[in-house]
$ cat upload_7.txt   # compact mmCIF, C-alpha atoms
# COMPACT_ATOMS: atom_id res chain seq x y z
CA MET A 1 20.27 -9.68 32.87
CA ASP A 2 20.05 -6.36 31.05
CA ASP A 3 19.71 -3.26 33.14
CA PRO A 4 16.27 -1.88 32.26
CA CYS A 5 17.39 1.61 33.18
CA HIS A 6 19.51 1.68 30.07
CA LEU A 7 16.72 0.65 27.78
CA LYS A 8 15.04 3.23 25.66
CA VAL A 9 11.56 3.90 24.46
CA ILE A 10 11.21 3.08 20.78
CA ASP A 11 9.35 5.89 19.08
CA VAL A 12 8.10 4.24 15.90
CA VAL A 13 6.19 7.19 14.53
CA GLU A 14 9.00 9.65 15.22
CA ARG A 15 11.62 7.40 13.63
CA ALA A 16 9.48 6.96 10.55
CA GLY A 17 8.92 10.70 10.35
CA SER A 18 12.62 11.46 10.48
CA THR A 19 13.42 9.10 7.60
CA PRO A 20 13.60 10.85 4.24
CA GLU A 21 13.58 7.62 2.20
CA ARG A 22 10.50 6.49 0.33
CA TRP A 23 11.33 2.83 0.98
CA THR A 24 13.28 1.64 3.96
CA ASN A 25 13.11 -0.75 6.86
CA PHE A 26 15.12 -1.42 9.96
CA THR A 27 15.09 -3.43 13.12
CA LEU A 28 13.56 -1.82 16.20
CA THR A 29 14.10 -4.58 18.72
CA ARG A 30 14.74 -8.26 19.11
CA VAL A 31 12.19 -10.23 21.10
CA ASN A 32 13.35 -13.77 21.77
CA ASP A 33 13.86 -15.31 18.32
CA CYS A 34 11.86 -12.65 16.50
CA LEU A 35 12.62 -9.17 15.28
CA VAL A 36 10.20 -6.27 15.40
CA ARG A 37 11.00 -4.12 12.42
CA MET A 38 9.68 -0.89 11.00
CA GLY A 39 9.03 -0.32 7.34
CA VAL A 40 8.37 2.90 5.48
CA PHE A 41 6.82 1.98 2.16
CA GLU A 42 5.92 4.08 -0.83
CA GLY A 43 5.88 2.31 -4.15
CA GLU A 44 6.21 -1.37 -4.91
CA PHE A 45 8.52 -4.14 -3.72
CA HIS A 46 9.32 -7.27 -5.73
CA TRP A 47 7.55 -10.62 -5.44
CA HIS A 48 9.33 -12.93 -3.02
CA HIS A 49 8.81 -15.48 -0.30
CA HIS A 50 10.61 -16.74 2.77
CA ASP A 51 11.08 -20.48 2.86
CA ARG A 52 11.10 -20.92 6.60
CA GLU A 53 9.72 -17.73 8.08
CA ASP A 54 6.27 -16.32 8.65
CA GLU A 55 5.98 -12.54 8.41
CA PHE A 56 3.43 -10.34 10.19
CA PHE A 57 2.53 -6.86 8.94
CA TYR A 58 0.68 -4.25 11.02
CA VAL A 59 -0.19 -0.87 9.53
CA VAL A 60 0.53 2.16 11.72
CA SER A 61 -0.41 4.80 9.13
CA GLY A 62 -1.11 4.96 5.41
CA ARG A 63 -2.43 1.96 3.50
CA LEU A 64 -0.61 -1.26 2.65
CA MET A 65 -1.52 -3.51 -0.25
CA LEU A 66 -0.32 -7.09 0.19
CA ASP A 67 -0.41 -8.92 -3.11
CA LEU A 68 -0.76 -12.68 -2.69
CA PRO A 69 -0.94 -15.31 -5.44
CA GLU A 70 -4.74 -15.30 -5.67
CA ARG A 71 -5.79 -11.99 -4.20
CA THR A 72 -4.75 -8.66 -2.77
CA VAL A 73 -5.23 -7.77 0.88
CA GLY A 74 -5.61 -4.07 1.69
CA LEU A 75 -4.61 -3.07 5.20
CA ALA A 76 -5.70 0.17 6.87
CA PRO A 77 -4.20 1.55 10.09
CA GLY A 78 -4.97 -0.80 12.96
CA GLN A 79 -5.09 -3.86 10.71
CA GLY A 80 -2.58 -6.67 10.38
CA PHE A 81 -1.93 -9.83 8.39
CA THR A 82 0.41 -12.78 8.66
CA VAL A 83 1.99 -14.11 5.47
CA PRO A 84 2.85 -17.74 6.22
CA ARG A 85 6.23 -19.15 5.26
CA GLY A 86 6.48 -20.22 1.66
CA VAL A 87 3.75 -17.91 0.36
CA GLU A 88 4.72 -15.54 -2.45
CA HIS A 89 3.88 -11.94 -1.67
CA ARG A 90 4.53 -8.39 -2.72
CA THR A 91 4.11 -5.24 -0.63
CA ARG A 92 2.82 -2.11 -2.32
CA ALA A 93 1.75 1.33 -1.10
CA GLU A 94 0.41 4.26 -3.08
CA GLU A 95 1.02 6.68 -0.24
CA ARG A 96 3.76 6.76 2.38
CA THR A 97 2.87 3.94 4.76
CA ILE A 98 4.37 3.03 8.12
CA VAL A 99 4.31 -0.65 8.98
CA LEU A 100 5.39 -2.71 11.98
CA MET A 101 6.66 -6.14 11.02
CA VAL A 102 7.38 -9.21 13.11
CA GLU A 103 9.55 -11.87 11.56
CA GLY A 104 12.15 -14.45 12.45
CA HIS A 105 15.60 -13.08 13.18
CA THR A 106 17.05 -15.06 10.30
CA VAL A 107 15.04 -13.33 7.54
CA ALA A 108 17.19 -11.40 5.12
CA PRO A 109 15.82 -7.83 5.10
CA ARG A 110 15.51 -7.69 1.34
CA GLY A 111 13.72 -11.03 0.98
CA ASP A 112 15.02 -14.45 -0.01
CA MET B 1 1.90 -24.56 2.87
CA ASP B 2 -1.14 -22.68 4.11
CA ASP B 3 -3.55 -21.41 1.53
CA PRO B 4 -3.30 -17.62 1.83
CA CYS B 5 -6.85 -17.29 0.45
CA HIS B 6 -8.18 -18.61 3.73
CA LEU B 7 -6.25 -16.18 5.85
CA LYS B 8 -8.01 -13.23 7.34
CA VAL B 9 -7.14 -9.65 8.03
CA ILE B 10 -6.65 -9.06 11.75
CA ASP B 11 -8.47 -5.91 12.73
CA VAL B 12 -6.78 -4.99 15.99
CA VAL B 13 -8.68 -1.78 16.63
CA GLU B 14 -12.06 -3.32 15.82
CA ARG B 15 -11.42 -6.35 18.04
CA ALA B 16 -10.38 -4.12 20.92
CA GLY B 17 -13.47 -1.96 20.42
CA SER B 18 -15.79 -4.94 20.55
CA THR B 19 -14.38 -6.17 23.86
CA PRO B 20 -16.35 -5.00 26.87
CA GLU B 21 -13.70 -6.03 29.42
CA ARG B 22 -11.50 -3.46 31.11
CA TRP B 23 -8.56 -5.89 31.20
CA THR B 24 -8.07 -8.64 28.70
CA ASN B 25 -5.58 -10.01 26.23
CA PHE B 26 -5.56 -12.61 23.53
CA THR B 27 -3.42 -13.99 20.77
CA LEU B 28 -3.84 -12.47 17.31
CA THR B 29 -1.37 -14.58 15.36
CA ARG B 30 1.65 -16.79 15.68
CA VAL B 31 4.76 -15.72 13.80
CA ASN B 32 7.45 -18.37 13.87
CA ASP B 33 8.22 -18.90 17.56
CA CYS B 34 6.56 -15.69 18.68
CA LEU B 35 3.00 -14.65 19.37
CA VAL B 36 1.54 -11.28 18.49
CA ARG B 37 -1.04 -10.55 21.14
CA MET B 38 -3.47 -7.75 21.83
CA GLY B 39 -4.08 -6.31 25.25
CA VAL B 40 -6.83 -4.01 26.46
CA PHE B 41 -5.67 -2.47 29.70
CA GLU B 42 -7.43 -0.25 32.18
CA GLY B 43 -6.19 -0.44 35.73
CA GLU B 44 -3.16 -2.17 37.14
CA PHE B 45 -1.61 -5.62 36.70
CA HIS B 46 0.59 -7.32 39.26
CA TRP B 47 4.39 -7.24 39.35
CA HIS B 48 5.89 -10.22 37.56
CA HIS B 49 8.68 -11.31 35.29
CA HIS B 50 9.31 -13.99 32.68
CA ASP B 51 12.42 -16.03 33.29
CA ARG B 52 13.21 -16.87 29.71
CA GLU B 53 11.14 -14.53 27.56
CA ASP B 54 11.50 -10.96 26.40
CA GLU B 55 8.25 -9.04 25.96
CA PHE B 56 7.64 -6.13 23.57
CA PHE B 57 4.83 -3.62 24.11
CA TYR B 58 3.57 -1.23 21.45
CA VAL B 59 0.81 1.26 22.22
CA VAL B 60 -1.98 1.56 19.64
CA SER B 61 -4.16 3.97 21.63
CA GLY B 62 -4.37 5.30 25.16
CA ARG B 63 -1.33 5.48 27.40
CA LEU B 64 0.61 2.63 28.98
CA MET B 65 2.72 2.98 32.10
CA LEU B 66 5.39 0.30 32.42
CA ASP B 67 6.71 0.16 35.94
CA LEU B 68 10.25 -1.22 36.14
CA PRO B 69 12.37 -1.72 39.25
CA GLU B 70 14.06 1.67 39.06
CA ARG B 71 11.74 3.77 36.96
CA THR B 72 8.47 4.05 35.11
CA VAL B 73 8.29 4.24 31.34
CA GLY B 74 5.27 6.02 29.87
CA LEU B 75 4.30 4.97 26.36
CA ALA B 76 2.09 7.05 24.07
CA PRO B 77 0.52 5.76 20.83
CA GLY B 78 3.25 4.94 18.35
CA GLN B 79 5.79 4.10 21.05
CA GLY B 80 7.12 0.72 22.12
CA PHE B 81 9.41 -0.85 24.69
CA THR B 82 11.00 -4.25 25.19
CA VAL B 83 11.14 -5.67 28.69
CA PRO B 84 14.05 -8.13 28.68
CA ARG B 85 13.69 -11.56 30.20
CA GLY B 86 14.15 -11.64 33.93
CA VAL B 87 13.17 -7.99 34.52
CA GLU B 88 10.34 -7.35 36.96
CA HIS B 89 7.60 -5.20 35.50
CA ARG B 90 4.05 -4.07 35.99
CA THR B 91 1.66 -2.70 33.38
CA ARG B 92 -0.71 0.08 34.36
CA ALA B 93 -3.13 2.30 32.46
CA GLU B 94 -5.32 5.09 33.77
CA GLU B 95 -7.45 5.11 30.65
CA ARG B 96 -8.49 2.27 28.34
CA THR B 97 -5.34 1.44 26.41
CA ILE B 98 -4.85 -0.86 23.43
CA VAL B 99 -1.48 -2.54 23.21
CA LEU B 100 0.18 -4.89 20.74
CA MET B 101 2.56 -7.34 22.40
CA VAL B 102 5.16 -9.64 20.95
CA GLU B 103 6.39 -12.45 23.14
CA GLY B 104 7.59 -16.02 22.98
CA HIS B 105 4.92 -18.61 22.40
CA THR B 106 5.73 -20.26 25.72
CA VAL B 107 4.80 -17.27 27.89
CA ALA B 108 1.84 -17.92 30.17
CA PRO B 109 -0.69 -15.17 29.42
CA ARG B 110 -1.12 -14.21 33.07
CA GLY B 111 2.59 -13.95 33.81
CA ASP B 112 4.92 -16.40 35.51

$ encode --input "upload_7.txt" --output "structure tokens"
Amino acid sequence: MDDPCHLKVIDVVERAGSTPERWTNFTLTRVNDCLVRMGVFEGEFHWHHHDREDEFFYVVSGRLMLDLPERTVGLAPGQGFTVPRGVEHRTRAEERTIVLMVEGHTVAPRGD
Amino acid sequence: MDDPCHLKVIDVVERAGSTPERWTNFTLTRVNDCLVRMGVFEGEFHWHHHDREDEFFYVVSGRLMLDLPERTVGLAPGQGFTVPRGVEHRTRAEERTIVLMVEGHTVAPRGD
């Protein structure tokens, strides 16, 4: 059993604020077989999909555009969306956008 | 493969705002073997632990107190914390607090 006294608060907003990059993501914590990750997005990623992994996006600040094969989903702060496994998608943000992501721990960070 | 055109945006803040209860939680989406759940907390839960499941809490609004055996962790909006499996904990909120949770899909919603 982990000692909870050694565990730290994860300050998502502060970590995002201290990151100079326009496009980055990293793992905040592992929860069972999932990872909670943080993304800072500004600009456009490439189209990709994950064969075996769903991916959940939740917008903390900014605005995230999720391009899907037939439509684009726009997510404001407080909104989320799950991209099911196998579905092509592209993330895009015109302004600096902070996103929480939940995905399987086997997803390669840069997409399959 | 799911048809992404049928998938809906999950408006966490709106759903929390439309809930009259002072203490409730429900599942927003399943991501692989994890559930993303939303909690609206005002008041105090009971001490409990999950034998085999970690549990991640992320505060959307309000303020969450996480009582652990040796200390209390206070979480402001934008902050998160993972309670490892096996660790006793109690959630508590003096004001209405909206929380995103990530946990294994086998966790009983009311605690073990």

$ residues_around --input "upload_7.txt" --residues "Trp47 of chain A" --least-positions-apart "4" --cutoff "7 Å" --atoms "all atoms listed in the file" --output "PyMOL selection string"
chain A and resi 88-90

$ write_last_selection --input "upload_7.txt" --atoms "C-alpha atoms" --output "PDB file, in the coordinates of the input"
ATOM      1  CA  GLU A  88       4.720 -15.540  -2.450  1.00  0.00           C
ATOM      2  CA  HIS A  89       3.880 -11.940  -1.670  1.00  0.00           C
ATOM      3  CA  ARG A  90       4.530  -8.390  -2.720  1.00  0.00           C
TER       4      ARG A  90
END

$ closest_atom_pairs --input "upload_7.txt" --of "segment 4-66 of chain A" --to "segment 80-86 of chain A" --cutoff "9 Å" --atoms "all atoms listed in the file" --output "tab-separated table"
residue	atom	partner	partner_atom	distance
A:His49	CA	A:Gly86	CA	5.6
A:His50	CA	A:Gly86	CA	5.5
A:Asp51	CA	A:Gly86	CA	4.8
A:Arg52	CA	A:Arg85	CA	5.4
A:Glu53	CA	A:Arg85	CA	4.7
A:Asp54	CA	A:Arg85	CA	4.4
A:Glu55	CA	A:Val83	CA	5.2
A:Phe56	CA	A:Thr82	CA	4.2
A:Phe57	CA	A:Gly80	CA	5.3
A:Tyr58	CA	A:Gly80	CA	4.1
A:Val59	CA	A:Gly80	CA	6.3
A:Leu66	CA	A:Phe81	CA	8.8

$ interface_residues --input "upload_7.txt" --of "chain A" --to "chain B" --cutoff "10 Å" --atoms "only C-alpha atoms" --output "ChimeraX atom specification"
/A:1-5,7-15,28-36,52-58,60-61,68-89,100,102-105

$ closest_residue --input "upload_7.txt" --among "B:Asp67, B:Val40, B:Phe26, B:Glu21" --to "Thr91 of chain B" --atoms "all atoms listed in the file"
B:Asp67

$ atom_distance --input "upload_7.txt" --atom1 "atom CA of Glu42 of chain B" --atom2 "atom CA of Ile98 of chain B"
9.1 Å

$ atom_distance --input "upload_7.txt" --atom1 "atom CA of Gly17 of chain B" --atom2 "atom CA of His48 of chain B"
27.1 Å

$ closest_residue --input "upload_7.txt" --among "A:Phe41, A:Thr19, A:Thr27, A:His46" --to "Arg96 of chain A" --atoms "only C-alpha atoms"
A:Phe41

$ atom_distance --input "upload_7.txt" --atom1 "atom CA of Gly39 of chain A" --atom2 "atom CA of Arg22 of chain A"
9.9 Å

$ closest_residue --input "upload_7.txt" --among "B:Glu44, B:Leu64, B:Arg37, B:Ser18" --to "Met101 of chain B" --atoms "only C-alpha atoms"
B:Arg37

$ decode --input "upload_7.txt" --residues "segment 29-79 of chain A" --atoms "N, CA and C atoms" --output "PDB file, in the first residue's frame"
ATOM      1  N   THR A  29      -1.108  11.259 -13.573  1.00  0.00           N
ATOM      2  CA  THR A  29      -1.284  10.195 -12.593  1.00  0.00           C
ATOM      3  C   THR A  29      -1.807   8.953 -13.288  1.00  0.00           C
ATOM      4  N   ARG A  30      -1.476   7.817 -12.735  1.00  0.00           N
ATOM      5  CA  ARG A  30      -2.073   6.574 -13.203  1.00  0.00           C
ATOM      6  C   ARG A  30      -3.205   6.179 -12.259  1.00  0.00           C
ATOM      7  N   VAL A  31      -4.327   5.792 -12.835  1.00  0.00           N
ATOM      8  CA  VAL A  31      -5.477   5.358 -12.056  1.00  0.00           C
ATOM      9  C   VAL A  31      -5.869   3.990 -12.598  1.00  0.00           C
ATOM     10  N   ASN A  32      -5.539   2.963 -11.846  1.00  0.00           N
ATOM     11  CA  ASN A  32      -5.789   1.596 -12.319  1.00  0.00           C
ATOM     12  C   ASN A  32      -5.113   1.421 -13.687  1.00  0.00           C
ATOM     13  N   ASP A  33      -5.870   1.040 -14.700  1.00  0.00           N
ATOM     14  CA  ASP A  33      -5.250   0.819 -16.008  1.00  0.00           C
ATOM     15  C   ASP A  33      -5.373   2.031 -16.929  1.00  0.00           C
ATOM     16  N   CYS A  34      -5.695   3.171 -16.358  1.00  0.00           N
ATOM     17  CA  CYS A  34      -5.800   4.389 -17.166  1.00  0.00           C
ATOM     18  C   CYS A  34      -4.769   5.418 -16.715  1.00  0.00           C
ATOM     19  N   LEU A  35      -4.471   6.320 -17.614  1.00  0.00           N
ATOM     20  CA  LEU A  35      -3.649   7.474 -17.292  1.00  0.00           C
ATOM     21  C   LEU A  35      -4.512   8.721 -17.376  1.00  0.00           C
ATOM     22  N   VAL A  36      -4.312   9.624 -16.419  1.00  0.00           N
ATOM     23  CA  VAL A  36      -4.858  10.972 -16.553  1.00  0.00           C
ATOM     24  C   VAL A  36      -3.709  11.840 -17.022  1.00  0.00           C
ATOM     25  N   ARG A  37      -3.905  12.494 -18.143  1.00  0.00           N
ATOM     26  CA  ARG A  37      -2.824  13.265 -18.744  1.00  0.00           C
ATOM     27  C   ARG A  37      -3.278  14.700 -18.934  1.00  0.00           C
ATOM     28  N   MET A  38      -2.304  15.597 -19.040  1.00  0.00           N
ATOM     29  CA  MET A  38      -2.621  16.984 -19.297  1.00  0.00           C
ATOM     30  C   MET A  38      -2.053  17.368 -20.640  1.00  0.00           C
ATOM     31  N   GLY A  39      -2.834  18.084 -21.416  1.00  0.00           N
ATOM     32  CA  GLY A  39      -2.355  18.588 -22.682  1.00  0.00           C
ATOM     33  C   GLY A  39      -2.440  20.100 -22.719  1.00  0.00           C
ATOM     34  N   VAL A  40      -1.418  20.718 -23.273  1.00  0.00           N
ATOM     35  CA  VAL A  40      -1.476  22.143 -23.616  1.00  0.00           C
ATOM     36  C   VAL A  40      -1.430  22.192 -25.130  1.00  0.00           C
ATOM     37  N   PHE A  41      -2.485  22.723 -25.711  1.00  0.00           N
ATOM     38  CA  PHE A  41      -2.624  22.690 -27.171  1.00  0.00           C
ATOM     39  C   PHE A  41      -2.740  24.099 -27.719  1.00  0.00           C
ATOM     40  N   GLU A  42      -1.949  24.384 -28.722  1.00  0.00           N
ATOM     41  CA  GLU A  42      -2.163  25.597 -29.510  1.00  0.00           C
ATOM     42  C   GLU A  42      -1.665  25.265 -30.901  1.00  0.00           C
ATOM     43  N   GLY A  43      -2.579  25.228 -31.845  1.00  0.00           N
ATOM     44  CA  GLY A  43      -2.229  24.794 -33.189  1.00  0.00           C
ATOM     45  C   GLY A  43      -2.989  23.527 -33.527  1.00  0.00           C
ATOM     46  N   GLU A  44      -2.369  22.684 -34.329  1.00  0.00           N
ATOM     47  CA  GLU A  44      -3.100  21.561 -34.922  1.00  0.00           C
ATOM     48  C   GLU A  44      -2.254  20.294 -34.847  1.00  0.00           C
ATOM     49  N   PHE A  45      -2.857  19.207 -34.412  1.00  0.00           N
ATOM     50  CA  PHE A  45      -2.183  17.916 -34.379  1.00  0.00           C
ATOM     51  C   PHE A  45      -2.449  17.211 -35.712  1.00  0.00           C
ATOM     52  N   HIS A  46      -1.936  15.996 -35.873  1.00  0.00           N
ATOM     53  CA  HIS A  46      -2.202  15.269 -37.114  1.00  0.00           C
ATOM     54  C   HIS A  46      -3.371  14.291 -36.914  1.00  0.00           C
ATOM     55  N   TRP A  47      -4.008  13.925 -37.988  1.00  0.00           N
ATOM     56  CA  TRP A  47      -5.066  12.917 -37.924  1.00  0.00           C
ATOM     57  C   TRP A  47      -4.474  11.580 -37.475  1.00  0.00           C
ATOM     58  N   HIS A  48      -5.168  10.912 -36.559  1.00  0.00           N
ATOM     59  CA  HIS A  48      -4.695   9.601 -36.113  1.00  0.00           C
ATOM     60  C   HIS A  48      -5.843   8.878 -35.424  1.00  0.00           C
ATOM     61  N   HIS A  49      -5.612   7.640 -35.095  1.00  0.00           N
ATOM     62  CA  HIS A  49      -6.568   6.907 -34.270  1.00  0.00           C
ATOM     63  C   HIS A  49      -5.800   5.916 -33.408  1.00  0.00           C
ATOM     64  N   HIS A  50      -6.492   5.405 -32.406  1.00  0.00           N
ATOM     65  CA  HIS A  50      -5.923   4.377 -31.545  1.00  0.00           C
ATOM     66  C   HIS A  50      -6.757   3.117 -31.736  1.00  0.00           C
ATOM     67  N   ASP A  51      -6.099   2.053 -32.126  1.00  0.00           N
ATOM     68  CA  ASP A  51      -6.836   0.838 -32.472  1.00  0.00           C
ATOM     69  C   ASP A  51      -7.629   0.259 -31.306  1.00  0.00           C
ATOM     70  N   ARG A  52      -7.045   0.318 -30.126  1.00  0.00           N
ATOM     71  CA  ARG A  52      -7.657  -0.418 -29.014  1.00  0.00           C
ATOM     72  C   ARG A  52      -7.996   0.465 -27.811  1.00  0.00           C
ATOM     73  N   GLU A  53      -7.910   1.766 -27.983  1.00  0.00           N
ATOM     74  CA  GLU A  53      -8.052   2.624 -26.812  1.00  0.00           C
ATOM     75  C   GLU A  53      -9.028   3.762 -27.064  1.00  0.00           C
ATOM     76  N   ASP A  54      -9.994   3.905 -26.164  1.00  0.00           N
ATOM     77  CA  ASP A  54     -10.816   5.103 -26.152  1.00  0.00           C
ATOM     78  C   ASP A  54      -9.981   6.258 -25.575  1.00  0.00           C
ATOM     79  N   GLU A  55     -10.432   7.481 -25.849  1.00  0.00           N
ATOM     80  CA  GLU A  55      -9.697   8.642 -25.342  1.00  0.00           C
ATOM     81  C   GLU A  55     -10.718   9.723 -24.966  1.00  0.00           C
ATOM     82  N   PHE A  56     -10.647  10.165 -23.712  1.00  0.00           N
ATOM     83  CA  PHE A  56     -11.578  11.190 -23.224  1.00  0.00           C
ATOM     84  C   PHE A  56     -10.848  12.519 -23.105  1.00  0.00           C
ATOM     85  N   PHE A  57     -11.480  13.576 -23.585  1.00  0.00           N
ATOM     86  CA  PHE A  57     -10.932  14.935 -23.508  1.00  0.00           C
ATOM     87  C   PHE A  57     -11.866  15.804 -22.670  1.00  0.00           C
ATOM     88  N   TYR A  58     -11.298  16.558 -21.754  1.00  0.00           N
ATOM     89  CA  TYR A  58     -12.078  17.503 -20.940  1.00  0.00           C
ATOM     90  C   TYR A  58     -11.348  18.842 -20.951  1.00  0.00           C
ATOM     91  N   VAL A  59     -12.055  19.892 -21.330  1.00  0.00           N
ATOM     92  CA  VAL A  59     -11.402  21.200 -21.476  1.00  0.00           C
ATOM     93  C   VAL A  59     -11.423  21.962 -20.156  1.00  0.00           C
ATOM     94  N   VAL A  60     -10.220  22.324 -19.693  1.00  0.00           N
ATOM     95  CA  VAL A  60     -10.062  23.119 -18.478  1.00  0.00           C
ATOM     96  C   VAL A  60     -10.150  24.609 -18.824  1.00  0.00           C
ATOM     97  N   SER A  61      -9.448  25.034 -19.855  1.00  0.00           N
ATOM     98  CA  SER A  61      -9.517  26.428 -20.291  1.00  0.00           C
ATOM     99  C   SER A  61      -9.197  26.491 -21.772  1.00  0.00           C
ATOM    100  N   GLY A  62      -9.639  27.558 -22.420  1.00  0.00           N
ATOM    101  CA  GLY A  62      -9.428  27.701 -23.857  1.00  0.00           C
ATOM    102  C   GLY A  62     -10.593  27.119 -24.639  1.00  0.00           C
ATOM    103  N   ARG A  63     -10.308  26.606 -25.807  1.00  0.00           N
ATOM    104  CA  ARG A  63     -11.361  25.981 -26.627  1.00  0.00           C
ATOM    105  C   ARG A  63     -10.719  24.923 -27.523  1.00  0.00           C
ATOM    106  N   LEU A  64     -11.238  23.708 -27.439  1.00  0.00           N
ATOM    107  CA  LEU A  64     -10.681  22.591 -28.203  1.00  0.00           C
ATOM    108  C   LEU A  64     -11.609  22.217 -29.349  1.00  0.00           C
ATOM    109  N   MET A  65     -11.052  22.130 -30.548  1.00  0.00           N
ATOM    110  CA  MET A  65     -11.795  21.611 -31.683  1.00  0.00           C
ATOM    111  C   MET A  65     -11.351  20.173 -31.905  1.00  0.00           C
ATOM    112  N   LEU A  66     -12.324  19.261 -31.928  1.00  0.00           N
ATOM    113  CA  LEU A  66     -12.049  17.844 -32.172  1.00  0.00           C
ATOM    114  C   LEU A  66     -12.605  17.514 -33.554  1.00  0.00           C
ATOM    115  N   ASP A  67     -11.734  17.381 -34.511  1.00  0.00           N
ATOM    116  CA  ASP A  67     -12.183  17.008 -35.844  1.00  0.00           C
ATOM    117  C   ASP A  67     -12.391  15.500 -35.899  1.00  0.00           C
ATOM    118  N   LEU A  68     -13.577  15.105 -36.339  1.00  0.00           N
ATOM    119  CA  LEU A  68     -13.922  13.693 -36.531  1.00  0.00           C
ATOM    120  C   LEU A  68     -14.219  13.497 -38.013  1.00  0.00           C
ATOM    121  N   PRO A  69     -14.352  12.276 -38.470  1.00  0.00           N
ATOM    122  CA  PRO A  69     -14.521  12.055 -39.915  1.00  0.00           C
ATOM    123  C   PRO A  69     -15.671  12.849 -40.538  1.00  0.00           C
ATOM    124  N   GLU A  70     -16.783  12.982 -39.826  1.00  0.00           N
ATOM    125  CA  GLU A  70     -17.963  13.601 -40.440  1.00  0.00           C
ATOM    126  C   GLU A  70     -18.339  14.949 -39.863  1.00  0.00           C
ATOM    127  N   ARG A  71     -17.642  15.360 -38.834  1.00  0.00           N
ATOM    128  CA  ARG A  71     -18.013  16.625 -38.188  1.00  0.00           C
ATOM    129  C   ARG A  71     -16.900  17.084 -37.269  1.00  0.00           C
ATOM    130  N   THR A  72     -17.062  18.305 -36.781  1.00  0.00           N
ATOM    131  CA  THR A  72     -16.129  18.853 -35.800  1.00  0.00           C
ATOM    132  C   THR A  72     -16.897  19.155 -34.526  1.00  0.00           C
ATOM    133  N   VAL A  73     -16.331  18.737 -33.406  1.00  0.00           N
ATOM    134  CA  VAL A  73     -16.918  19.006 -32.098  1.00  0.00           C
ATOM    135  C   VAL A  73     -16.108  20.113 -31.444  1.00  0.00           C
ATOM    136  N   GLY A  74     -16.774  21.179 -31.029  1.00  0.00           N
ATOM    137  CA  GLY A  74     -16.093  22.261 -30.306  1.00  0.00           C
ATOM    138  C   GLY A  74     -16.361  22.127 -28.823  1.00  0.00           C
ATOM    139  N   LEU A  75     -15.307  22.147 -28.034  1.00  0.00           N
ATOM    140  CA  LEU A  75     -15.456  21.962 -26.590  1.00  0.00           C
ATOM    141  C   LEU A  75     -14.994  23.207 -25.842  1.00  0.00           C
ATOM    142  N   ALA A  76     -15.901  23.749 -25.039  1.00  0.00           N
ATOM    143  CA  ALA A  76     -15.605  24.891 -24.176  1.00  0.00           C
ATOM    144  C   ALA A  76     -15.194  24.374 -22.798  1.00  0.00           C
ATOM    145  N   PRO A  77     -14.657  25.238 -21.938  1.00  0.00           N
ATOM    146  CA  PRO A  77     -14.323  24.797 -20.589  1.00  0.00           C
ATOM    147  C   PRO A  77     -15.533  24.175 -19.892  1.00  0.00           C
ATOM    148  N   GLY A  78     -15.290  23.054 -19.235  1.00  0.00           N
ATOM    149  CA  GLY A  78     -16.382  22.341 -18.558  1.00  0.00           C
ATOM    150  C   GLY A  78     -17.039  21.294 -19.431  1.00  0.00           C
ATOM    151  N   GLN A  79     -16.582  21.168 -20.679  1.00  0.00           N
ATOM    152  CA  GLN A  79     -17.170  20.176 -21.579  1.00  0.00           C
ATOM    153  C   GLN A  79     -16.158  19.086 -21.929  1.00  0.00           C
TER     154      GLN A  79
END
